[in-house]
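Below: one structure, written as structure tokens.
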Amino acid sequence: MTLKKIQSKQIFKQASRVMVGGVNSPVRAFNAVGGNPLIISHGKGSKFVDVDGNSYTDYCLSWGSLILGHAHPDVTKAVHNSIKQGTSFGATTKPEVEIAQFITKHIPSIDLIRFVNSGTEATMSAIRVARGFTKREKIIKFDGCYHGHCDDLLATAGSGVAFLSASSSQGVPVAHIQDTLSLPFNDTATLVNTIERHHQHIACVILEPVVGNMGVILPKPEFLKTLRTITKKYGIVLIFDEVMTGFRSNLGGAQADLGIVPDLTCLGKIIGAGFPIGAYGGRRDIMQSLSPLGGVYQAGTFSGNPIVMRAGLAVLKNLTPMTYQSLNHLAENFAVSMNKFFKEHQINAHIAHYKGMLSIRFRREPVDNYMDAKAASSDKIYGKLFHYLLNNGIYWPPADLEAFFISTKHTAKDLNYLANHLKEFFTKNS
């Protein structure tokens with residue numbers, strides 16, 4: 001089909017005069033895929049519509065935030081009711097307590113929680129708490145895992161900064177990353193060797209338990225088990241960044257799936273229903289290091305905003321075991337079917353997946369780490385695929401090395417339509 005793009009082009013030109021690159025987050029500029037960015041008007045369920053009236057089935061879902069799809073009636077009702085009572089108070093409200101009770105009940109690692117306004121703020125604050133609790137300075141992260149744009153974590157990050165240098169951003173002083181050790185994901189031997197050598201200086205290890213920011217990568221069981229054992233041995237705080245995976249596949253997060261309980265957990269995306277949100281929480285003794293109980297300071301005017309809290313709680317109350325069973329089954333069937341097609345037709349591609357979180361790889365071999373992920377990526381092929389899907393009313397994330405998502409509003413018909421166009425694209429381009 002031929003897309004109308006007149007309004008999107010005009011508005012993006014206007015945006016480029018007043019906003020850096022015309023966007024407020026880099027990947028939205030379409031630099032990785034080429035072409036003109038869409039300007040979105042509105043959305044409902046699994047679809048959104050741009051300002052030119054083109055409709056798309058959305059598999060980006062505000063980068064994984066909208067597990068119930070766009071404009072879910074329970075969420076919009078909660079927001080409307082909350083706005084009538086005021087937008088912000090800078091003081092504690094009942095909805096904060098209610099969503100905190102829900103999260104601490106379901107996430108195994110969280111005894112106490114603190115809400116913030118972004119995933120970046122959550123990971124940054126969790127690391128500060130870990131350093132304050134342990135009185136140590138070094139941190140370990142993993143190559144390709146992106147934990148937001150905090151200075152200390154912009155070392156060998158993935159996703160939207162994958163094309164930058166090892167420091168991942170200009171403007172980050174060497175002093176900010178000299179205490180950051182970035183290791184290969186799923187490499188148990190390197191992990192053990194590094195911790196054994198530096199354990200007396202290591203405050204924490206932070207990772208995505210199931211990686212999403214270099215495409216979907218599952219952890220090897222031995223790797224996670226060893227990580228949990230050795231961090232406990234040396235009193236190192238283990239932080240799971242579940243901003244993407246939290247409440248994605250079940251009410252307990254990836255940690256419940258994997259059977260590994262970290263010391264601290266960072267959350268975001270789904271718990272905010274599409275509003276700015278972040279949270280970090282964990283073991284009571286560690287979280288009590290945080291002000292006003294302890295000496296680690298962190299504050300925020302808009303943290304725990306009542307509108308966001310009510311919207312997030314409306315989402316969480318819709319996520320039942322039956323909801324997850326249906327969502328995960330739909331995603332699993334799609335991935336298995338596509339991978340069967342790729343194998344039968346000897347196409348160098350496969351769908352990596354963790355329940356309703358998926359990504360495409362341009363090779364058949366498994367991907368275990370950042371080097372594998374980069375070897376299995378291709379801006380040229382992905383850009384061509386992205387625009388092919390876009391022209392057929394399908395919206396994927398506008399960058400390779402990103403995950404795409406399925407919501408509760410996507411149907412088997414939606415997934416069949418996507419599968420048919422993927423098969424058509426690869427048949428023509430293999």
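Chains: A, B, ... in order of the structure tokens. Residues: from 1 per chain. Ligands: from 1, in order shown.
Per DSSP on the backbone, helix (DSSP H, G or I) in segment 282-312 of chain A comprises Arg284, Asp285, Ile286, Met287, Pro306, Ile307, Val308, Met309, Arg310, Ala311 and Gly312 of chain A.
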Output for the residues just chosen: C-alpha atoms as an mmCIF file, in the first residue's frame:
```cif
data_model
loop_
_atom_site.group_PDB
_atom_site.id
_atom_site.type_symbol
_atom_site.label_atom_id
_atom_site.label_comp_id
_atom_site.auth_asym_id
_atom_site.auth_seq_id
_atom_site.Cartn_x
_atom_site.Cartn_y
_atom_site.Cartn_z
ATOM 1 C CA ARG A 284 14.572 -4.414 53.586
ATOM 2 C CA ASP A 285 18.032 -3.928 55.119
ATOM 3 C CA ILE A 286 19.440 -2.539 51.861
ATOM 4 C CA MET A 287 16.506 -0.223 51.136
ATOM 5 C CA PRO A 306 -1.226 9.941 41.841
ATOM 6 C CA ILE A 307 -2.382 9.888 38.201
ATOM 7 C CA VAL A 308 0.488 7.579 37.222
ATOM 8 C CA MET A 309 -0.051 5.372 40.271
ATOM 9 C CA ARG A 310 -3.758 4.904 39.533
ATOM 10 C CA ALA A 311 -3.087 4.200 35.850
ATOM 11 C CA GLY A 312 -0.381 1.680 36.683
#
```
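Contact shell of segment 399-401 of chain A at 6 Å (only C-alpha atoms; same-chain neighbours under 2 positions omitted): Ala32, Ser159, Met214, Gly215 and Pro397 of chain A.
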Please identify all polymer residues within 7 Å of segment 100-111 of chain A, counting only C-alpha atoms, omitting same-chain residues fewer than 3 positions from it, and present them as a PyMOL selection string. chain A and resi 96-97+251-253+256+261-265+281-284
Hey, what's within 9 Å of His350 of chain A if we count only C-alpha atoms and toss same-chain stuff fewer than 2 positions away? As a list in words, please? Ala335, Met338, Asn339, Lys340, Phe342, Lys343, Ile347, Asn348, Ala352, Ser359, Ile360, Arg361, Phe362, Arg363, Arg364, Glu365 and Pro366 of chain A
Could you write out that same residue set with N, CA, C and O atoms as a PDB file, in the first residue's frame?
```pdb
ATOM      1  N   ALA A 335       6.516 -17.271  17.212  1.00  0.00           N
ATOM      2  CA  ALA A 335       7.962 -17.463  17.103  1.00  0.00           C
ATOM      3  C   ALA A 335       8.299 -18.860  16.568  1.00  0.00           C
ATOM      4  O   ALA A 335       9.158 -19.011  15.684  1.00  0.00           O
ATOM      5  N   MET A 338       7.429 -19.050  12.805  1.00  0.00           N
ATOM      6  CA  MET A 338       8.367 -18.311  11.960  1.00  0.00           C
ATOM      7  C   MET A 338       9.714 -19.018  11.892  1.00  0.00           C
ATOM      8  O   MET A 338      10.321 -19.119  10.812  1.00  0.00           O
ATOM      9  N   ASN A 339      10.183 -19.525  12.995  1.00  0.00           N
ATOM     10  CA  ASN A 339      11.483 -20.205  12.998  1.00  0.00           C
ATOM     11  C   ASN A 339      11.440 -21.507  12.191  1.00  0.00           C
ATOM     12  O   ASN A 339      12.430 -21.886  11.563  1.00  0.00           O
ATOM     13  N   LYS A 340      10.306 -22.167  12.208  1.00  0.00           N
ATOM     14  CA  LYS A 340      10.133 -23.356  11.371  1.00  0.00           C
ATOM     15  C   LYS A 340      10.225 -22.975   9.889  1.00  0.00           C
ATOM     16  O   LYS A 340      10.879 -23.654   9.088  1.00  0.00           O
ATOM     17  N   PHE A 342      11.778 -20.304   8.616  1.00  0.00           N
ATOM     18  CA  PHE A 342      13.160 -19.920   8.302  1.00  0.00           C
ATOM     19  C   PHE A 342      14.036 -21.160   8.089  1.00  0.00           C
ATOM     20  O   PHE A 342      14.845 -21.216   7.162  1.00  0.00           O
ATOM     21  N   LYS A 343      13.855 -22.155   8.941  1.00  0.00           N
ATOM     22  CA  LYS A 343      14.661 -23.366   8.839  1.00  0.00           C
ATOM     23  C   LYS A 343      14.341 -24.146   7.574  1.00  0.00           C
ATOM     24  O   LYS A 343      15.247 -24.593   6.850  1.00  0.00           O
ATOM     25  N   ILE A 347      16.699 -19.919   5.403  1.00  0.00           N
ATOM     26  CA  ILE A 347      16.851 -18.460   5.479  1.00  0.00           C
ATOM     27  C   ILE A 347      17.669 -18.111   6.712  1.00  0.00           C
ATOM     28  O   ILE A 347      17.438 -18.648   7.797  1.00  0.00           O
ATOM     29  N   ASN A 348      18.628 -17.234   6.544  1.00  0.00           N
ATOM     30  CA  ASN A 348      19.491 -16.828   7.652  1.00  0.00           C
ATOM     31  C   ASN A 348      18.776 -15.810   8.541  1.00  0.00           C
ATOM     32  O   ASN A 348      19.062 -14.601   8.511  1.00  0.00           O
ATOM     33  N   ALA A 352      14.152 -14.555  18.103  1.00  0.00           N
ATOM     34  CA  ALA A 352      14.477 -14.813  19.508  1.00  0.00           C
ATOM     35  C   ALA A 352      13.298 -14.320  20.339  1.00  0.00           C
ATOM     36  O   ALA A 352      12.688 -13.291  20.007  1.00  0.00           O
ATOM     37  N   SER A 359      12.541 -10.546  19.179  1.00  0.00           N
ATOM     38  CA  SER A 359      13.413  -9.775  18.284  1.00  0.00           C
ATOM     39  C   SER A 359      13.821 -10.659  17.120  1.00  0.00           C
ATOM     40  O   SER A 359      13.755 -11.881  17.196  1.00  0.00           O
ATOM     41  N   ILE A 360      14.226 -10.018  16.027  1.00  0.00           N
ATOM     42  CA  ILE A 360      14.649 -10.769  14.855  1.00  0.00           C
ATOM     43  C   ILE A 360      16.158 -10.752  14.741  1.00  0.00           C
ATOM     44  O   ILE A 360      16.814  -9.745  15.028  1.00  0.00           O
ATOM     45  N   ARG A 361      16.726 -11.896  14.369  1.00  0.00           N
ATOM     46  CA  ARG A 361      18.167 -12.039  14.147  1.00  0.00           C
ATOM     47  C   ARG A 361      18.392 -12.453  12.697  1.00  0.00           C
ATOM     48  O   ARG A 361      17.640 -13.273  12.159  1.00  0.00           O
ATOM     49  N   PHE A 362      19.435 -11.921  12.107  1.00  0.00           N
ATOM     50  CA  PHE A 362      19.733 -12.263  10.715  1.00  0.00           C
ATOM     51  C   PHE A 362      20.835 -13.316  10.637  1.00  0.00           C
ATOM     52  O   PHE A 362      21.834 -13.176   9.939  1.00  0.00           O
ATOM     53  N   ARG A 363      20.638 -14.381  11.384  1.00  0.00           N
ATOM     54  CA  ARG A 363      21.450 -15.591  11.284  1.00  0.00           C
ATOM     55  C   ARG A 363      20.694 -16.711  11.985  1.00  0.00           C
ATOM     56  O   ARG A 363      19.766 -16.454  12.757  1.00  0.00           O
ATOM     57  N   ARG A 364      21.085 -17.943  11.741  1.00  0.00           N
ATOM     58  CA  ARG A 364      20.370 -19.083  12.320  1.00  0.00           C
ATOM     59  C   ARG A 364      20.899 -19.477  13.692  1.00  0.00           C
ATOM     60  O   ARG A 364      20.181 -20.059  14.498  1.00  0.00           O
ATOM     61  N   GLU A 365      22.185 -19.200  13.939  1.00  0.00           N
ATOM     62  CA  GLU A 365      22.822 -19.651  15.187  1.00  0.00           C
ATOM     63  C   GLU A 365      22.286 -18.874  16.388  1.00  0.00           C
ATOM     64  O   GLU A 365      21.882 -17.715  16.268  1.00  0.00           O
ATOM     65  N   PRO A 366      22.296 -19.490  17.560  1.00  0.00           N
ATOM     66  CA  PRO A 366      21.843 -18.810  18.782  1.00  0.00           C
ATOM     67  C   PRO A 366      22.696 -17.578  19.089  1.00  0.00           C
ATOM     68  O   PRO A 366      23.861 -17.497  18.693  1.00  0.00           O
TER      69      PRO A 366
END
```
Going by DSSP on the backbone, which bits of segment 10-48 of chain A are strand (DSSP E or B)? Write them as a ChimeraX atom specification, please. /A:40-45,47-48
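Residues in contact with Lys428 of chain A at 12 Å, where only C-alpha atoms are counted and same-chain residues fewer than 3 positions away are skipped, are listed as A:His345, A:Ile347, A:Lys384, A:Leu385, A:Tyr388, A:His421, A:Leu422, A:Lys423, A:Glu424, A:Phe425.
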Print the selection's residues with N, CA and C atoms to a file, as a PDB file, in the first residue's frame.
```pdb
ATOM      1  N   HIS A 345      13.189 -23.129   4.804  1.00  0.00           N
ATOM      2  CA  HIS A 345      13.561 -22.417   3.587  1.00  0.00           C
ATOM      3  C   HIS A 345      15.026 -21.956   3.606  1.00  0.00           C
ATOM      4  N   ILE A 347      16.699 -19.919   5.403  1.00  0.00           N
ATOM      5  CA  ILE A 347      16.851 -18.460   5.479  1.00  0.00           C
ATOM      6  C   ILE A 347      17.669 -18.111   6.712  1.00  0.00           C
ATOM      7  N   LYS A 384      15.415  -2.132   5.349  1.00  0.00           N
ATOM      8  CA  LYS A 384      14.562  -2.551   4.235  1.00  0.00           C
ATOM      9  C   LYS A 384      13.318  -3.275   4.742  1.00  0.00           C
ATOM     10  N   LEU A 385      13.518  -4.158   5.728  1.00  0.00           N
ATOM     11  CA  LEU A 385      12.397  -4.887   6.320  1.00  0.00           C
ATOM     12  C   LEU A 385      11.445  -3.931   7.034  1.00  0.00           C
ATOM     13  N   TYR A 388       9.328  -2.112   4.550  1.00  0.00           N
ATOM     14  CA  TYR A 388       8.402  -3.053   3.913  1.00  0.00           C
ATOM     15  C   TYR A 388       7.195  -3.292   4.821  1.00  0.00           C
ATOM     16  N   HIS A 421       3.679 -11.410   5.958  1.00  0.00           N
ATOM     17  CA  HIS A 421       4.510 -10.376   5.345  1.00  0.00           C
ATOM     18  C   HIS A 421       5.998 -10.609   5.606  1.00  0.00           C
ATOM     19  N   LEU A 422       6.321 -11.184   6.753  1.00  0.00           N
ATOM     20  CA  LEU A 422       7.718 -11.576   6.975  1.00  0.00           C
ATOM     21  C   LEU A 422       8.134 -12.663   5.986  1.00  0.00           C
ATOM     22  N   LYS A 423       7.276 -13.644   5.805  1.00  0.00           N
ATOM     23  CA  LYS A 423       7.586 -14.728   4.865  1.00  0.00           C
ATOM     24  C   LYS A 423       7.742 -14.182   3.438  1.00  0.00           C
ATOM     25  N   GLU A 424       6.862 -13.276   3.073  1.00  0.00           N
ATOM     26  CA  GLU A 424       6.922 -12.680   1.742  1.00  0.00           C
ATOM     27  C   GLU A 424       8.213 -11.892   1.556  1.00  0.00           C
ATOM     28  N   PHE A 425       8.583 -11.114   2.574  1.00  0.00           N
ATOM     29  CA  PHE A 425       9.810 -10.308   2.488  1.00  0.00           C
ATOM     30  C   PHE A 425      11.052 -11.204   2.332  1.00  0.00           C
TER      31      PHE A 425
END
```
